[in-house]
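Engineer: Below is a structure I'd like to ask you about.
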2 protein chains.
Amino acid sequence: MMRRDDRLDQTFAALANSTRRAILARLANGEATVNELAEPFNMSLPAISKHIKVLERAGLITQGQKAQYRPCTIDVAPLREISNWTEQYRPIWEARFDRMEDYINQLSNKEKNSE
Amino acid sequence: MMRRDDRLDQTFAALANSTRRAILARLANGEATVNELAEPFNMSLPAISKHIKVLERAGLITQGQKAQYRPCTIDVAPLREISNWTEQYRPIWEARFDRMEDYINQLSNKEKNSE
């Protein structure tokens, strides 16, 4: 079993590529073979296979074992882990948004008073 | 202005390192100088400075401009963007969790019936 820190390292690294994020978005709509995934990206099969391996190692997709037809399926568990990690910072951005709102309200009050 | 895809690439890559995530966690509690950040990690100043530069390029921290005392501050805007990106997959993991719950309920019902 990988340590949580190592899992997060691997998930974040796998997501740091727009093609890999697009593959996940495609698989969110249902399983697909490597050929089906390669098509919309106008990429060679070896290039797309490399991306799929990175996603597989990070646990973000699983690939069927039947030869020829080996569909890829999304696995969202690592995404949930990333979401949980990110949530710890939500209070900070919500506080900043509240302060920004206060500031905008102050500005519009000043404008009203000077009318 | 960077494209959203490039920003996500850079943010995810910056977060794919446990030391950099620990630096962010430290800065969530308030600003800190590079020296203060280096201390708990038992790392050389050049090593920690490299991590800080990666975080800065990703817009996750800003560093004050005053010479000598240049405190680092967290900037959570890229984290909110990551959170928004991850949220699109929430329906999938919630659906899976619901199915798992159904399955567990079925199992415990079967157990009750066989008692």
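Ordering of the structure tokens sets the chain letters (A, B, ...); residue numbers start at 1 within each chain; ligands are numbered from 1 in the order shown.
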Please check the contacts: residues of chain A at most 7 Å away from chain B, using only C-alpha atoms, listed as an NGL selection string.

Structural biologist: :A and (5 or 8-10 or 12-13 or 15-18 or 76 or 79 or 83 or 86 or 93)

Engineer: What are the coordinates of chain A as a CSV table (one decimal) with C-alpha atoms, in the first residue's frame following a least-squares fit to chain B on all in-order C-alpha atoms?

Structural biologist:
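File written: selection-v5.csv
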chain,number,residue,atom,x,y,z
A,1,MET,CA,-2.7,35.7,-19.3
A,2,MET,CA,-2.1,32.0,-19.2
A,3,ARG,CA,-4.7,29.6,-20.7
A,4,ARG,CA,-6.7,27.7,-18.1
A,5,ASP,CA,-5.2,24.4,-19.3
A,6,ASP,CA,-1.6,25.7,-18.8
A,7,ARG,CA,-2.5,27.1,-15.4
A,8,LEU,CA,-3.9,23.7,-14.3
A,9,ASP,CA,-0.8,22.0,-15.7
A,10,GLN,CA,1.4,24.3,-13.6
A,11,THR,CA,-0.7,24.0,-10.4
A,12,PHE,CA,-1.0,20.3,-10.5
A,13,ALA,CA,2.8,19.9,-11.2
A,14,ALA,CA,3.6,22.3,-8.3
A,15,LEU,CA,1.4,20.2,-6.0
A,16,ALA,CA,3.0,16.9,-7.0
A,17,ASN,CA,5.6,17.2,-4.2
A,18,SER,CA,5.0,16.6,-0.5
A,19,THR,CA,7.5,19.3,0.6
A,20,ARG,CA,5.7,21.9,-1.5
A,21,ARG,CA,2.3,20.8,-0.1
A,22,ALA,CA,3.8,21.1,3.4
A,23,ILE,CA,5.0,24.6,2.7
A,24,LEU,CA,1.5,25.6,1.6
A,25,ALA,CA,0.1,24.0,4.8
A,26,ARG,CA,2.5,26.1,6.9
A,27,LEU,CA,1.6,29.3,5.0
A,28,ALA,CA,-2.1,28.6,5.5
A,29,ASN,CA,-1.4,29.5,9.1
A,30,GLY,CA,0.2,32.9,8.2
A,31,GLU,CA,3.1,34.3,6.2
A,32,ALA,CA,6.7,33.1,6.8
A,33,THR,CA,10.2,33.9,5.6
A,34,VAL,CA,12.3,31.5,3.6
A,35,ASN,CA,14.4,30.9,6.7
A,36,GLU,CA,11.3,30.1,8.8
A,37,LEU,CA,10.1,27.7,6.1
A,38,ALA,CA,13.5,26.0,5.8
A,39,GLU,CA,13.7,25.2,9.5
A,40,PRO,CA,11.1,22.4,10.0
A,41,PHE,CA,12.1,20.6,6.8
A,42,ASN,CA,15.7,20.3,7.7
A,43,MET,CA,16.6,21.4,4.2
A,44,SER,CA,19.2,23.7,2.8
A,45,LEU,CA,18.1,27.3,1.8
A,46,PRO,CA,18.8,26.7,-1.9
A,47,ALA,CA,16.7,23.5,-1.9
A,48,ILE,CA,13.8,25.2,-0.2
A,49,SER,CA,14.2,28.3,-2.4
A,50,LYS,CA,13.8,26.0,-5.5
A,51,HIS,CA,10.5,24.7,-4.1
A,52,ILE,CA,9.3,28.3,-3.4
A,53,LYS,CA,10.1,29.3,-6.9
A,54,VAL,CA,8.0,26.5,-8.3
A,55,LEU,CA,5.1,27.5,-6.0
A,56,GLU,CA,5.5,31.1,-7.0
A,57,ARG,CA,5.5,30.4,-10.7
A,58,ALA,CA,2.2,28.5,-10.2
A,59,GLY,CA,0.7,31.5,-8.5
A,60,LEU,CA,0.4,29.5,-5.2
A,61,ILE,CA,2.5,31.9,-3.2
A,62,THR,CA,3.7,35.5,-3.5
A,63,GLN,CA,6.9,36.7,-2.0
A,64,GLY,CA,7.3,40.2,-0.5
A,65,GLN,CA,9.7,42.6,-2.3
A,66,LYS,CA,11.5,44.1,0.8
A,67,ALA,CA,15.2,42.9,0.8
A,68,GLN,CA,16.2,40.7,3.7
A,69,TYR,CA,12.7,40.3,5.1
A,70,ARG,CA,10.7,38.9,2.2
A,71,PRO,CA,7.8,36.9,3.7
A,72,CYS,CA,6.0,34.3,1.6
A,73,THR,CA,2.2,34.5,1.5
A,74,ILE,CA,-0.2,31.7,0.3
A,75,ASP,CA,-2.4,32.5,-2.7
A,76,VAL,CA,-5.4,30.1,-2.8
A,77,ALA,CA,-6.8,31.2,-6.2
A,78,PRO,CA,-5.2,28.2,-8.0
A,79,LEU,CA,-6.4,25.8,-5.3
A,80,ARG,CA,-9.9,27.0,-5.9
A,81,GLU,CA,-9.5,26.4,-9.6
A,82,ILE,CA,-8.3,22.8,-8.9
A,83,SER,CA,-11.2,22.3,-6.6
A,84,ASN,CA,-13.7,23.5,-9.3
A,85,TRP,CA,-12.0,21.1,-11.8
A,86,THR,CA,-12.3,18.2,-9.3
A,87,GLU,CA,-15.9,18.9,-8.5
A,88,GLN,CA,-17.0,17.8,-12.0
A,89,TYR,CA,-16.2,14.2,-10.9
A,90,ARG,CA,-18.0,14.4,-7.6
A,91,PRO,CA,-21.3,12.9,-9.1
A,92,ILE,CA,-19.3,9.8,-10.2
A,93,TRP,CA,-17.8,9.1,-6.8
A,94,GLU,CA,-21.0,9.9,-5.0
A,95,ALA,CA,-22.9,7.5,-7.3
A,96,ARG,CA,-20.3,4.8,-6.6
A,97,PHE,CA,-20.6,5.4,-2.8
A,98,ASP,CA,-24.4,5.1,-3.1
A,99,ARG,CA,-24.1,1.8,-4.9
A,100,MET,CA,-21.7,0.5,-2.3
A,101,GLU,CA,-24.2,1.5,0.4
A,102,ASP,CA,-27.0,-0.3,-1.4
A,103,TYR,CA,-24.8,-3.4,-1.6
A,104,ILE,CA,-23.9,-3.3,2.1
A,105,ASN,CA,-27.6,-2.9,3.0
A,106,GLN,CA,-28.5,-5.9,0.8
A,107,LEU,CA,-25.9,-8.0,2.6
A,108,SER,CA,-27.1,-7.0,6.1
A,109,ASN,CA,-30.7,-7.7,5.0
A,110,LYS,CA,-29.7,-11.2,3.8
A,111,GLU,CA,-28.0,-11.8,7.1
A,112,LYS,CA,-31.1,-10.7,9.0
A,113,ASN,CA,-33.4,-13.0,6.9
A,114,SER,CA,-31.1,-16.0,7.5
A,115,GLU,CA,-31.1,-15.5,11.3

Engineer: Looking only at strand (DSSP E) from DSSP on the backbone, list the matching residues of segment 54-84 of chain A as a list of chain:residue names.

Structural biologist: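 Selecting the strand (DSSP E) positions of segment 54-84 of chain A gives A:Ile61, A:Thr62, A:Gln63, A:Cys72, A:Thr73, A:Ile74.
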